[in-house]
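Visitor: Dropping in data_5.cif, with mmCIF, C-alpha atoms.
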data_structure
loop_
_atom_site.label_atom_id
_atom_site.label_comp_id
_atom_site.auth_asym_id
_atom_site.auth_seq_id
_atom_site.Cartn_x
_atom_site.Cartn_y
_atom_site.Cartn_z
CA MET A 151 151.14 109.17 77.47
CA ARG A 152 149.03 110.84 80.14
CA ASN A 153 145.85 111.11 78.08
CA ALA A 154 146.01 107.69 76.43
CA ALA A 155 142.70 105.93 75.95
CA LEU A 156 141.39 102.78 74.30
CA ARG A 157 137.66 102.43 73.86
CA LEU A 158 135.80 99.58 72.18
CA SER A 159 132.09 100.02 71.68
CA ASP A 160 129.94 97.10 70.61
CA VAL A 161 132.72 95.49 68.59
CA ALA A 162 131.95 92.32 66.65
CA CYS A 163 134.34 90.11 64.72
CA MET A 164 133.59 87.91 61.74
CA ARG A 165 136.29 85.52 60.52
CA GLY A 166 135.83 83.14 57.63
CA GLY A 167 132.05 83.61 57.60
CA ARG A 168 131.77 82.80 61.31
CA MET A 169 130.84 85.33 63.96
CA LEU A 170 133.48 84.96 66.69
CA PHE A 171 132.19 87.49 69.22
CA ARG A 172 129.97 90.54 69.36
CA HIS A 173 128.97 93.38 71.67
CA VAL A 174 132.45 93.63 73.18
CA THR A 175 132.64 96.91 75.04
CA LEU A 176 135.70 98.11 76.88
CA ASP A 177 136.90 101.44 78.17
CA LEU A 178 140.52 101.77 79.27
CA GLN A 179 141.90 105.11 80.42
CA ALA A 180 145.50 106.03 81.23
CA GLY A 181 146.96 103.48 83.65
CA GLY A 182 144.22 100.95 82.89
CA SER A 183 144.81 97.32 82.00
CA ALA A 184 142.63 94.42 80.96
CA LEU A 185 143.24 90.71 80.56
CA LEU A 186 141.44 88.79 77.81
CA THR A 187 140.76 85.16 78.64
CA GLY A 188 138.87 82.35 77.00
CA PRO A 189 139.56 79.03 75.25
CA ASN A 190 141.50 78.68 71.98
CA GLY A 191 139.74 80.07 68.94
CA VAL A 192 137.41 82.34 70.88
CA GLY A 193 138.94 85.35 69.14
CA LYS A 194 141.45 86.82 71.60
CA SER A 195 144.11 87.42 68.97
CA SER A 196 141.52 88.72 66.53
CA LEU A 197 140.33 91.25 69.09
CA LEU A 198 143.89 92.44 69.61
CA ARG A 199 144.39 92.73 65.86
CA ILE A 200 141.15 94.72 65.58
CA CYS A 201 142.45 97.08 68.28
CA ALA A 202 145.72 97.38 66.36
CA GLY A 203 143.84 98.29 63.19
CA LEU A 204 145.15 95.25 61.32
CA LEU A 205 141.69 93.68 61.03
CA PRO A 206 138.50 95.59 60.34
CA ALA A 207 135.81 95.25 63.00
CA PHE A 208 132.68 93.65 61.56
CA ALA A 209 130.59 96.05 63.62
CA GLY A 210 131.18 98.61 66.32
CA ARG A 211 133.83 101.25 66.88
CA VAL A 212 137.41 101.31 68.12
CA ASP A 213 138.63 104.68 69.39
CA MET A 214 142.08 105.26 70.72
CA ARG A 215 144.48 107.97 71.72
CA GLY A 216 148.17 107.17 71.70
CA GLY A 217 150.56 104.98 69.76
CA ILE A 218 150.21 101.23 69.58
CA ALA A 219 152.67 98.42 70.18
CA LEU A 220 151.74 94.80 69.54
CA THR A 221 153.38 91.48 70.24
CA ASP A 222 151.95 88.37 68.68
CA GLU A 223 153.29 84.93 67.91
CA ARG A 224 155.48 86.27 65.10
CA LEU A 225 158.93 87.60 65.87
CA ALA A 226 159.29 90.18 63.07
CA LEU A 227 163.05 90.43 63.61
CA ASP A 228 165.65 89.78 60.92
CA SER A 229 166.93 86.36 61.89
CA GLU A 230 170.48 86.74 60.55
CA ARG A 231 171.24 89.98 62.36
CA PRO A 232 172.43 90.45 65.95
CA LEU A 233 169.61 91.16 68.37
CA LEU A 234 170.64 94.76 69.03
CA LYS A 235 170.82 95.58 65.31
CA ALA A 236 167.51 93.85 64.56
CA LEU A 237 165.76 95.77 67.34
CA GLY A 238 167.63 98.91 66.31
CA PHE A 239 165.75 98.98 63.00
CA TRP A 240 162.44 99.22 64.85
CA ALA A 241 163.84 101.75 67.32
CA ARG A 242 164.89 104.02 64.45
CA LEU A 243 161.49 103.56 62.80
CA ASP A 244 159.89 104.58 66.10
CA GLY A 245 162.27 107.51 66.33
CA VAL A 246 163.66 106.56 69.77
CA ASP A 247 167.34 106.84 70.64
CA ASP A 248 169.81 104.07 71.45
CA GLY A 249 169.61 104.75 75.17
CA THR A 250 165.89 103.94 75.22
CA LEU A 251 166.54 100.71 73.35
CA GLU A 252 169.30 99.69 75.74
CA ARG A 253 167.10 100.40 78.74
CA ALA A 254 164.40 98.23 77.15
CA LEU A 255 166.90 95.41 76.56
CA ASP A 256 168.04 95.76 80.16
CA ALA A 257 164.45 95.62 81.41
CA MET A 258 164.08 92.22 79.73
CA ALA A 259 167.60 91.10 80.82
CA LEU A 260 168.71 90.83 77.18
CA LEU A 261 171.84 92.99 77.27
CA PRO A 262 174.18 89.94 77.44
CA LEU A 263 172.52 88.65 74.26
CA ALA A 264 172.75 91.93 72.30
CA GLU A 265 175.34 90.57 69.86
CA VAL A 266 173.78 87.13 69.41
CA PRO A 267 172.05 86.52 66.04
CA VAL A 268 168.29 86.42 66.40
CA ARG A 269 168.03 82.90 64.96
CA MET A 270 170.09 81.53 67.87
CA LEU A 271 167.64 82.76 70.53
CA SER A 272 165.44 80.34 72.46
CA THR A 273 161.65 80.57 72.60
CA GLY A 274 161.64 82.51 75.84
CA GLN A 275 164.39 84.81 74.70
CA ARG A 276 162.46 85.57 71.51
CA LYS A 277 159.40 86.42 73.56
CA ARG A 278 161.52 88.75 75.66
CA ALA A 279 163.01 90.33 72.54
CA MET A 280 159.48 91.11 71.31
CA MET A 281 158.68 92.64 74.70
CA ALA A 282 161.85 94.73 74.48
CA ARG A 283 160.62 96.13 71.15
CA VAL A 284 157.29 97.00 72.79
CA ILE A 285 159.01 98.68 75.74
CA ALA A 286 161.39 100.62 73.49
CA SER A 287 158.61 101.74 71.15
CA ASP A 288 157.41 104.43 73.55
CA ALA A 289 153.82 103.60 72.54
CA ALA A 290 151.06 104.33 75.02
CA ILE A 291 148.87 101.32 74.23
CA TRP A 292 150.39 97.87 74.60
CA LEU A 293 148.56 94.98 72.97
CA LEU A 294 150.14 91.76 74.21
CA ASP A 295 149.18 88.37 72.80
CA GLU A 296 150.24 85.62 75.20
CA PRO A 297 153.19 87.64 76.53
CA GLY A 298 153.95 85.03 79.20
CA ASN A 299 154.21 82.02 76.89
CA GLY A 300 157.51 80.21 77.23
CA LEU A 301 158.84 82.55 79.92
CA ASP A 302 160.49 81.19 83.07
CA ASP A 303 159.61 82.56 86.52
CA ALA A 304 162.36 85.18 86.53
CA SER A 305 161.31 86.45 83.08
CA LEU A 306 157.66 86.53 84.14
CA ASP A 307 158.67 88.82 87.00
CA LEU A 308 160.51 91.06 84.52
CA LEU A 309 157.40 91.13 82.34
CA GLY A 310 155.24 92.04 85.34
CA ALA A 311 157.65 94.78 86.36
CA ALA A 312 157.72 96.21 82.82
CA ILE A 313 153.92 96.27 82.62
CA SER A 314 153.57 97.83 86.07
CA CYS A 315 156.08 100.52 85.14
CA HIS A 316 154.19 101.20 81.88
CA LEU A 317 150.87 101.49 83.72
CA ALA A 318 152.39 103.75 86.37
CA MET A 319 153.54 106.08 83.60
CA GLY A 320 149.99 106.33 82.31
CA GLY A 321 150.09 103.64 79.64
CA ILE A 322 147.42 101.14 78.75
CA THR A 323 147.81 97.37 78.52
CA LEU A 324 145.45 94.93 76.89
CA ALA A 325 146.76 91.37 77.16
CA ALA A 326 145.43 88.02 76.04
CA SER A 327 146.72 85.16 78.14
CA HIS A 328 145.92 81.68 79.39
CA GLN A 329 148.17 81.93 82.38
CA PRO A 330 147.74 84.52 85.13
CA LEU A 331 149.97 87.52 84.50
CA PRO A 332 151.69 89.34 87.34
CA ILE A 333 149.74 92.57 86.92
CA ALA A 334 147.95 94.22 89.82
CA ASP A 335 144.20 94.94 89.63
CA HIS A 336 143.37 94.52 85.96
CA ALA A 337 139.93 94.21 84.43
CA ARG A 338 139.23 90.65 83.30
CA ILE A 339 137.27 89.97 80.14
CA ASP A 340 136.16 86.43 79.39
CA LEU A 341 135.47 86.42 75.66
CA ARG A 342 133.29 83.31 76.03
CA ALA A 343 130.58 85.58 77.40
CA TYR A 344 130.55 87.45 74.08
CA ALA A 345 130.67 84.41 71.80
CA ALA A 346 127.93 84.53 69.19
CA GLU A 347 126.92 80.86 69.60
CA ALA A 348 126.50 81.18 73.35
CA GLU A 349 123.89 83.87 72.91
CA ASP A 350 121.98 82.00 70.25
CA ALA A 351 121.73 78.86 72.38
CA MET B 19 161.28 110.54 53.65
CA ARG B 20 163.36 109.38 56.61
CA ILE B 21 161.04 106.40 56.99
CA MET B 22 161.29 105.59 53.30
CA TRP B 23 165.07 105.60 53.57
CA LEU B 24 164.99 103.36 56.69
CA LEU B 25 162.68 100.86 55.01
CA ALA B 26 164.59 100.80 51.74
CA ARG B 27 167.93 100.43 53.50
CA ARG B 28 166.68 97.48 55.52
CA ASP B 29 165.23 95.81 52.40
CA LEU B 30 168.49 96.23 50.55
CA GLY B 31 170.41 94.89 53.54
CA GLN B 32 168.13 91.87 53.74
CA ALA B 33 168.61 91.17 50.03
CA TRP B 34 172.37 91.43 50.46
CA ARG B 35 172.42 89.12 53.50
CA SER B 36 170.24 86.50 51.85
CA ALA B 37 172.66 86.55 48.87
CA GLY B 38 169.65 87.09 46.64
CA LEU B 39 171.41 89.83 44.70
CA TRP B 40 173.69 87.37 42.90
CA LEU B 41 170.95 85.14 41.57
CA PRO B 42 169.75 87.30 38.60
CA VAL B 43 173.34 88.21 37.72
CA ALA B 44 174.47 84.58 37.73
CA PHE B 45 171.40 83.61 35.70
CA LEU B 46 172.07 86.21 33.01
CA LEU B 47 175.72 85.20 32.69
CA LEU B 48 174.79 81.53 32.57
CA VAL B 49 172.27 82.08 29.77
CA ALA B 50 174.77 84.17 27.84
CA SER B 51 177.41 81.46 28.10
CA LEU B 52 175.01 78.64 27.21
CA TYR B 53 173.47 80.35 24.18
CA PRO B 54 176.54 80.03 21.91
CA PHE B 55 176.65 76.31 22.75
CA ALA B 56 173.06 75.95 21.59
CA VAL B 57 173.18 77.93 18.32
CA GLY B 58 176.85 77.43 17.48
CA PRO B 59 179.79 79.85 17.53
CA ASP B 60 178.68 81.70 14.41
CA ALA B 61 179.58 85.33 15.22
CA PRO B 62 177.15 87.12 12.81
CA LEU B 63 174.24 84.97 14.05
CA LEU B 64 175.14 85.61 17.69
CA ARG B 65 175.48 89.31 17.01
CA ARG B 66 172.07 89.46 15.32
CA THR B 67 170.15 87.47 17.97
CA GLY B 68 172.23 88.02 21.13
CA GLY B 69 170.60 91.32 22.17
CA GLY B 70 167.10 89.87 22.12
CA MET B 71 168.37 86.80 23.96
CA LEU B 72 169.72 89.03 26.73
CA TRP B 73 166.35 90.76 27.02
CA ILE B 74 164.68 87.37 27.53
CA ALA B 75 167.33 86.48 30.10
CA ALA B 76 166.78 89.79 31.95
CA LEU B 77 163.05 89.21 31.98
CA LEU B 78 163.37 85.68 33.37
CA ALA B 79 166.03 86.83 35.84
CA SER B 80 163.53 89.31 37.25
CA LEU B 81 161.30 86.41 38.30
CA LEU B 82 164.00 84.70 40.36
CA PRO B 83 163.85 86.92 43.47
CA VAL B 84 160.03 87.05 43.55
CA ASP B 85 159.57 84.56 46.38
CA ARG B 86 161.83 86.43 48.78
CA LEU B 87 160.44 89.92 48.12
CA VAL B 88 157.30 89.88 50.24
CA THR B 89 156.46 86.45 51.62
CA PRO B 90 159.18 86.19 54.31
CA ASP B 91 158.33 89.59 55.80
CA ARG B 92 154.63 88.87 55.62
CA ASP B 93 155.04 85.54 57.42
CA SER B 94 157.35 86.89 60.09
CA GLY B 95 155.00 89.78 60.89
CA VAL B 96 157.34 92.55 59.72
CA LEU B 97 154.70 94.05 57.41
CA ASP B 98 152.15 94.13 60.23
CA GLN B 99 154.62 95.73 62.63
CA ILE B 100 155.42 98.44 60.06
CA ALA B 101 151.71 99.07 59.44
CA LEU B 102 151.12 99.37 63.21
CA ARG B 103 153.38 102.40 63.20
CA GLY B 104 150.95 104.21 60.94
CA ILE B 105 153.04 103.70 57.78
CA GLY B 106 150.88 103.05 54.74
CA GLU B 107 151.26 99.87 52.72
CA GLU B 108 151.86 102.00 49.62
CA MET B 109 154.91 103.48 51.31
CA ILE B 110 156.16 99.98 52.24
CA VAL B 111 155.84 98.81 48.64
CA LEU B 112 157.39 101.97 47.21
CA ALA B 113 160.41 101.68 49.53
CA ARG B 114 160.68 98.02 48.61
CA LEU B 115 160.50 98.88 44.91
CA ILE B 116 163.38 101.32 45.24
CA ALA B 117 165.45 98.81 47.20
CA HIS B 118 164.60 96.00 44.81
CA TRP B 119 165.55 98.02 41.74
CA LEU B 120 168.83 99.14 43.33
CA GLY B 121 169.68 95.52 44.03
CA PHE B 122 168.48 94.25 40.66
CA GLY B 123 168.85 96.87 37.92
CA PRO B 124 172.45 98.12 38.21
CA PRO B 125 173.97 94.65 38.87
CA LEU B 126 172.09 93.30 35.84
CA MET B 127 173.33 96.16 33.69
CA ILE B 128 176.90 95.50 34.78
CA ALA B 129 176.52 91.78 34.14
CA THR B 130 175.27 92.61 30.66
CA LEU B 131 178.76 93.81 29.67
CA PRO B 132 180.53 90.43 29.97
CA ALA B 133 177.39 88.73 28.66
CA ALA B 134 177.50 90.97 25.56
CA ALA B 135 181.15 90.06 25.07
CA LEU B 136 180.25 86.36 25.17
CA LEU B 137 177.63 86.99 22.46
CA LYS B 138 180.05 89.08 20.35
CA LEU B 139 177.73 92.11 20.34
CA ASP B 140 179.11 95.30 18.79
CA ALA B 141 179.52 98.56 20.71
CA GLU B 142 176.44 100.20 19.25
CA THR B 143 174.20 97.30 20.28
CA ILE B 144 175.68 97.27 23.76
CA ILE B 145 174.90 100.97 24.23
CA LEU B 146 171.32 100.45 23.02
CA LEU B 147 170.99 97.41 25.28
CA GLU B 148 172.24 99.25 28.35
CA ALA B 149 170.00 102.27 27.67
CA GLY B 150 167.03 99.95 27.20
CA LEU B 151 167.82 98.11 30.42
CA LEU B 152 168.14 101.42 32.29
CA ILE B 153 164.58 102.24 31.26
CA GLY B 154 163.26 98.68 31.40
CA THR B 155 164.68 97.30 34.65
CA PRO B 156 162.52 99.54 36.89
CA ALA B 157 159.52 98.04 35.10
CA LEU B 158 160.86 94.50 35.54
CA ALA B 159 161.52 95.21 39.23
CA ALA B 160 158.04 96.69 39.66
CA LEU B 161 156.41 93.76 37.91
CA GLY B 162 158.28 91.24 40.06
CA LEU B 163 157.32 93.10 43.21
CA LEU B 164 153.69 93.47 42.15
CA VAL B 165 153.41 89.75 41.45
CA ALA B 166 155.17 89.01 44.76
CA THR B 167 152.58 91.02 46.71
CA LEU B 168 149.73 89.37 44.84
CA THR B 169 150.95 85.81 45.42
CA ALA B 170 152.31 86.29 48.96
CA GLY B 171 150.92 83.63 51.26
CA LEU B 172 149.73 81.34 48.49
CA ARG B 173 151.08 77.85 48.07
CA SER B 174 153.47 77.30 45.14
CA SER B 175 153.54 81.05 44.73
CA GLY B 176 156.73 80.85 42.67
CA ALA B 177 155.12 79.02 39.77
CA LEU B 178 152.04 81.21 39.97
CA ALA B 179 154.20 84.33 39.95
CA GLY B 180 155.73 83.26 36.65
CA LEU B 181 152.34 82.66 35.09
CA LEU B 182 151.10 86.05 36.26
CA ALA B 183 154.15 88.07 35.34
CA LEU B 184 155.07 86.73 31.91
CA PRO B 185 151.98 87.94 30.00
CA LEU B 186 152.34 91.37 31.62
CA ALA B 187 155.99 91.44 30.64
CA VAL B 188 155.30 90.91 26.92
CA PRO B 189 155.12 94.67 26.12
CA LEU B 190 158.41 95.21 27.92
CA LEU B 191 160.02 92.45 25.88
CA ILE B 192 158.62 93.72 22.56
CA PHE B 193 159.63 97.34 23.12
CA GLY B 194 162.86 96.45 24.91
CA ALA B 195 164.12 94.13 22.20
CA GLY B 196 162.63 96.54 19.66
CA THR B 197 164.99 99.31 20.76
CA LEU B 198 167.90 97.25 19.37
CA SER B 199 166.73 97.36 15.75
CA ASP B 200 164.54 100.44 15.68
CA GLY B 201 166.26 103.60 14.50
CA SER B 202 163.40 106.03 15.12
CA GLY B 203 163.44 105.91 18.93
CA ALA B 204 159.75 105.03 19.10
CA ALA B 205 160.48 101.75 20.87
CA PHE B 206 162.36 103.65 23.59
CA LYS B 207 159.34 105.89 24.13
CA PHE B 208 156.96 102.95 24.35
CA LEU B 209 159.35 101.16 26.71
CA GLY B 210 159.50 104.29 28.85
CA ALA B 211 155.70 104.55 28.89
CA ALA B 212 155.28 100.90 29.90
CA SER B 213 157.94 101.36 32.57
CA LEU B 214 156.32 104.49 34.01
CA LEU B 215 152.94 102.81 34.11
CA LEU B 216 154.21 99.75 35.98
CA VAL B 217 156.27 101.80 38.43
CA ALA B 218 153.31 104.10 39.13
CA VAL B 219 150.75 101.32 39.56
CA THR B 220 152.83 98.96 41.68
CA PRO B 221 152.80 100.83 45.04
CA PHE B 222 149.02 101.18 44.98
CA ALA B 223 148.16 97.75 43.64
CA GLY B 224 150.79 96.12 45.86
CA GLY B 225 149.62 98.03 48.93
CA ALA B 226 146.04 96.96 48.29
CA ALA B 227 147.19 93.35 47.85
CA ILE B 228 149.03 93.38 51.18
CA ARG B 229 145.97 94.83 52.95
CA ALA B 230 143.67 92.28 51.35
CA GLY B 231 146.06 89.49 52.33
CA ARG B 232 145.60 90.24 56.03
CA GLU B 233 142.15 88.72 56.25
#
Once more with this new file: its structure as structure tokens, please.
Guide:
Amino acid sequence: MRNAALRLSDVACMRGGRMLFRHVTLDLQAGGSALLTGPNGVGKSSLLRICAGLLPAFAGRVDMRGGIALTDERLALDSERPLLKALGFWARLDGVDDGTLERALDAMALLPLAEVPVRMLSTGQRKRAMMARVIASDAAIWLLDEPGNGLDDASLDLLGAAISCHLAMGGITLAASHQPLPIADHARIDLRAYAAEAEDA
Amino acid sequence: MRIMWLLARRDLGQAWRSAGLWLPVAFLLLVASLYPFAVGPDAPLLRRTGGGMLWIAALLASLLPVDRLVTPDRDSGVLDQIALRGIGEEMIVLARLIAHWLGFGPPLMIATLPAAALLKLDAETIILLEAGLLIGTPALAALGLLVATLTAGLRSSGALAGLLALPLAVPLLIFGAGTLSDGSGAAFKFLGAASLLLVAVTPFAGGAAIRAGRE
């Protein structure tokens, strides 16, 4: 995780025939974090998906070193299975052992819910379950889409602690959020400044 | 290989938990028990037409699970999360094809035995039918999966899946039902060729469809 890096050079995004943003440049080295802000529809989630390789960039380059973990608005856990089993599938796919997964569950205070079926979880608990998958994945680059949505104060502190721990170990975090996240000294990127319309006007 | 096994095992588990495995089996048995009501209990007639009827039932049964094969995992983000881990879409579809066939082919072949009894088929026809299904069900599974990847995310994808799959399934039906009356074995070879083609094409075409569906 020590030599992780995420570098965006001159990235532009076109969705549905509309240019969302362009000339986004970002350089995150090990231990670096950035917070994407901007109003709805400005392209925060699209930028995260471009970083994750799920959307092609319309222009520009994305270079990275290290594995990727992403949370978005979709749970991606089998709703009928107990939480531990549902997360266990991803842990095995990531090749991490049960101890790592349990530590991740503990970091998000989910151990008491390990046997509860995923469909019974509340909004905040689902968000924490997604974070637990990210923590357990052992990936160097965390891409977090609104990680604080629906979390209470105690859970927000857990989230902040998890991110700080990840950064201290040399990881990278790129988060999109409306609310301030409890992360120390992160770069702040307001995507409005890169919006295509703003430049034309 | 380990990843393929993990993916296929999860897909099979999901199919089991959603009780989707029983649907094609129940459908085949239902058709086999309704058919004598429709054409009358005339044993020679049933024996002559029953094998072909079961092939039609197997073909239609393969369309039943189409809407749960890809769409739920696409909507819940599972496919994206797998792709994030550097696993190709072709691998996802191939693992899913294996899991889908395991949950579809053997149960259908077992259900064919009581269905054949209902239609008064003789032993020779039953053996031909089972051999044909062994070769043909991978193709039916592949076709269902291919159509599921193509229609994932579209509205009324179930109806569209039927329209897409049925013309492509015509060769399977012709050669499959042909194996029952053809003594030369040529129909088996054609059925095998059609089956190989569909099984080989599906991971690539399905993978491309999933990637294209991300936009």
Visitor: Counting only C-alpha atoms, which residue out of B:Leu41, B:Leu82, B:Ile128, B:Leu164 sits closest to Pro221 (chain B)?
Guide: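 For Pro221 (chain B), the nearest of the given residues is B:Leu164.
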Visitor: Which of these residues is nearest to chain A, using all atoms listed in the file: B:Ile228, B:Leu186, B:Val165, B:Leu137?
Guide: B:Ile228
Visitor: In the coordinate frame of the file, compute which residues have an atom within 9 Å of (156.3, 95.0, 64.5) when using all atoms listed in the file, and state them as a PyMOL selection string.
Guide: (chain A and resi 219-222+224-227+240+280+283-284) or (chain B and resi 95-103)
Visitor: Please produce an output containing C-alpha atoms for each residue in the selection, written as a compact mmCIF listing (two decimals), keeping the file's coordinate frame.
Guide:
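New file out.txt:
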# COMPACT_ATOMS: atom_id res chain seq x y z
CA ALA A 219 152.67 98.42 70.18
CA LEU A 220 151.74 94.80 69.54
CA THR A 221 153.38 91.48 70.24
CA ASP A 222 151.95 88.37 68.68
CA ARG A 224 155.48 86.27 65.10
CA LEU A 225 158.93 87.60 65.87
CA ALA A 226 159.29 90.18 63.07
CA LEU A 227 163.05 90.43 63.61
CA TRP A 240 162.44 99.22 64.85
CA MET A 280 159.48 91.11 71.31
CA ARG A 283 160.62 96.13 71.15
CA VAL A 284 157.29 97.00 72.79
CA GLY B 95 155.00 89.78 60.89
CA VAL B 96 157.34 92.55 59.72
CA LEU B 97 154.70 94.05 57.41
CA ASP B 98 152.15 94.13 60.23
CA GLN B 99 154.62 95.73 62.63
CA ILE B 100 155.42 98.44 60.06
CA ALA B 101 151.71 99.07 59.44
CA LEU B 102 151.12 99.37 63.21
CA ARG B 103 153.38 102.40 63.20
Visitor: Any chance you could work out the residue set of the PyMOL selection byres ((chain A) within 10 of (chain B)) here, as a short mmCIF file (atom, residue, chain, number, x, y, z; two decimals) with C-alpha atoms, in the frame of the given file?
Guide:
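Result written to out11.cif:
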data_model
loop_
_atom_site.label_atom_id
_atom_site.label_comp_id
_atom_site.auth_asym_id
_atom_site.auth_seq_id
_atom_site.Cartn_x
_atom_site.Cartn_y
_atom_site.Cartn_z
CA ARG A 165 136.29 85.52 60.52
CA GLY A 166 135.83 83.14 57.63
CA ARG A 199 144.39 92.73 65.86
CA ALA A 202 145.72 97.38 66.36
CA GLY A 203 143.84 98.29 63.19
CA LEU A 204 145.15 95.25 61.32
CA LEU A 205 141.69 93.68 61.03
CA PRO A 206 138.50 95.59 60.34
CA GLY A 217 150.56 104.98 69.76
CA ILE A 218 150.21 101.23 69.58
CA ALA A 219 152.67 98.42 70.18
CA LEU A 220 151.74 94.80 69.54
CA THR A 221 153.38 91.48 70.24
CA ASP A 222 151.95 88.37 68.68
CA GLU A 223 153.29 84.93 67.91
CA ARG A 224 155.48 86.27 65.10
CA LEU A 225 158.93 87.60 65.87
CA ALA A 226 159.29 90.18 63.07
CA LEU A 227 163.05 90.43 63.61
CA ASP A 228 165.65 89.78 60.92
CA SER A 229 166.93 86.36 61.89
CA GLU A 230 170.48 86.74 60.55
CA ARG A 231 171.24 89.98 62.36
CA ALA A 236 167.51 93.85 64.56
CA PHE A 239 165.75 98.98 63.00
CA TRP A 240 162.44 99.22 64.85
CA ARG A 242 164.89 104.02 64.45
CA LEU A 243 161.49 103.56 62.80
CA ASP A 244 159.89 104.58 66.10
CA GLY A 245 162.27 107.51 66.33
CA SER A 287 158.61 101.74 71.15
CA ALA A 289 153.82 103.60 72.54
#
Visitor: Given the file shown, enumerate the residues that the PyMOL selection byres ((chain A and resi 313) around 10) captures and present them as a PDB file with C-alpha atoms, keeping the file's coordinate frame.
Guide:
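So the final result, stored in selection09.pdb, reads:
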ATOM      1  CA  SER A 183     144.810  97.320  82.000  1.00  0.00           C
ATOM      2  CA  MET A 281     158.680  92.640  74.700  1.00  0.00           C
ATOM      3  CA  ILE A 285     159.010  98.680  75.740  1.00  0.00           C
ATOM      4  CA  TRP A 292     150.390  97.870  74.600  1.00  0.00           C
ATOM      5  CA  ASP A 307     158.670  88.820  87.000  1.00  0.00           C
ATOM      6  CA  LEU A 308     160.510  91.060  84.520  1.00  0.00           C
ATOM      7  CA  LEU A 309     157.400  91.130  82.340  1.00  0.00           C
ATOM      8  CA  GLY A 310     155.240  92.040  85.340  1.00  0.00           C
ATOM      9  CA  ALA A 311     157.650  94.780  86.360  1.00  0.00           C
ATOM     10  CA  ALA A 312     157.720  96.210  82.820  1.00  0.00           C
ATOM     11  CA  SER A 314     153.570  97.830  86.070  1.00  0.00           C
ATOM     12  CA  CYS A 315     156.080 100.520  85.140  1.00  0.00           C
ATOM     13  CA  HIS A 316     154.190 101.200  81.880  1.00  0.00           C
ATOM     14  CA  LEU A 317     150.870 101.490  83.720  1.00  0.00           C
ATOM     15  CA  ALA A 318     152.390 103.750  86.370  1.00  0.00           C
ATOM     16  CA  MET A 319     153.540 106.080  83.600  1.00  0.00           C
ATOM     17  CA  GLY A 321     150.090 103.640  79.640  1.00  0.00           C
ATOM     18  CA  ILE A 322     147.420 101.140  78.750  1.00  0.00           C
ATOM     19  CA  THR A 323     147.810  97.370  78.520  1.00  0.00           C
ATOM     20  CA  LEU A 331     149.970  87.520  84.500  1.00  0.00           C
ATOM     21  CA  PRO A 332     151.690  89.340  87.340  1.00  0.00           C
ATOM     22  CA  ILE A 333     149.740  92.570  86.920  1.00  0.00           C
ATOM     23  CA  ALA A 334     147.950  94.220  89.820  1.00  0.00           C
TER      24      ALA A 334
END
Visitor: Might you spell out which residues the PyMOL selection byres ((chain A and resi 179) around 9) would select in the displayed file, as a PyMOL selection string?
Guide: chain A and resi 153-157+177-178+180-183+320-322
Visitor: Enter the distance from CA of Arg65 (chain B) to CA of Gly201 (chain B), in Å, rounded to one decimal.
Guide: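 Going from CA of Arg65 (chain B) over to CA of Gly201 (chain B) covers 17.2 Å.
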Visitor: Can you tell me how far CA of Ser202 (chain B) sits from CA of Leu152 (chain B), in Å to one decimal?
Guide: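 Going from CA of Ser202 (chain B) over to CA of Leu152 (chain B), I get 18.4 Å.
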Visitor: Counting all atoms listed in the file, what is within 9 Å of Thr130 (chain B), bar same-chain residues fewer than 3 positions away, as a ChimeraX atom specification?
Guide: /B:43,46-47,50,72,125-127,133-135,144,147-148
Visitor: Take the residues just selected and output them with C-alpha atoms as a CSV table (one decimal), in the frame of the given file.
Guide:
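Final output, selection12.csv:
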chain,number,residue,atom,x,y,z
B,43,VAL,CA,173.3,88.2,37.7
B,46,LEU,CA,172.1,86.2,33.0
B,47,LEU,CA,175.7,85.2,32.7
B,50,ALA,CA,174.8,84.2,27.8
B,72,LEU,CA,169.7,89.0,26.7
B,125,PRO,CA,174.0,94.6,38.9
B,126,LEU,CA,172.1,93.3,35.8
B,127,MET,CA,173.3,96.2,33.7
B,133,ALA,CA,177.4,88.7,28.7
B,134,ALA,CA,177.5,91.0,25.6
B,135,ALA,CA,181.2,90.1,25.1
B,144,ILE,CA,175.7,97.3,23.8
B,147,LEU,CA,171.0,97.4,25.3
B,148,GLU,CA,172.2,99.2,28.4
Visitor: Using all atoms listed in the file, which residues sit within 10 Å of Pro83 (chain B) once same-chain residues fewer than 5 positions away are excluded, as a PyMOL selection string?
Guide: chain B and resi 33+38-42+88+118+122+159+162-163+166+176
Visitor: Calculate how many Å separate CA of Glu252 (chain A) from CA of Leu233 (chain A), rounding to one decimal.
Guide: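 So the two atoms, CA of Glu252 (chain A) and CA of Leu233 (chain A), lie 11.3 Å apart.
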Visitor: Which polymer residues have any atom within 10 Å of an atom of Ala218 (chain B), counting all atoms listed in the file, with same-chain residues fewer than 6 positions away left out, as a PDB file with C-alpha atoms, keeping the file's coordinate frame?
Guide:
ATOM      1  CA  LEU B 112     157.390 101.970  47.210  1.00  0.00           C
ATOM      2  CA  ALA B 157     159.520  98.040  35.100  1.00  0.00           C
ATOM      3  CA  ALA B 160     158.040  96.690  39.660  1.00  0.00           C
ATOM      4  CA  ALA B 212     155.280 100.900  29.900  1.00  0.00           C
TER       5      ALA B 212
END
Visitor: List as a list of chain:residue names the protein and nucleic acid residues near Met164 (chain A), meaning an atom at most 12 Å away when all atoms listed in the file are counted, but skip any in the same chain fewer than 2 places from it.
Guide: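 My list of contacting residues is A:Val161, A:Ala162, A:Gly166, A:Gly167, A:Arg168, A:Met169, A:Leu170, A:Phe171, A:Arg172, A:Val192, A:Gly193, A:Ser196, A:Leu197, A:Ile200, A:Leu205, A:Pro206, A:Ala207, A:Phe208, A:Ala209, A:Gly210, A:Ala345, A:Ala346, B:Glu233.
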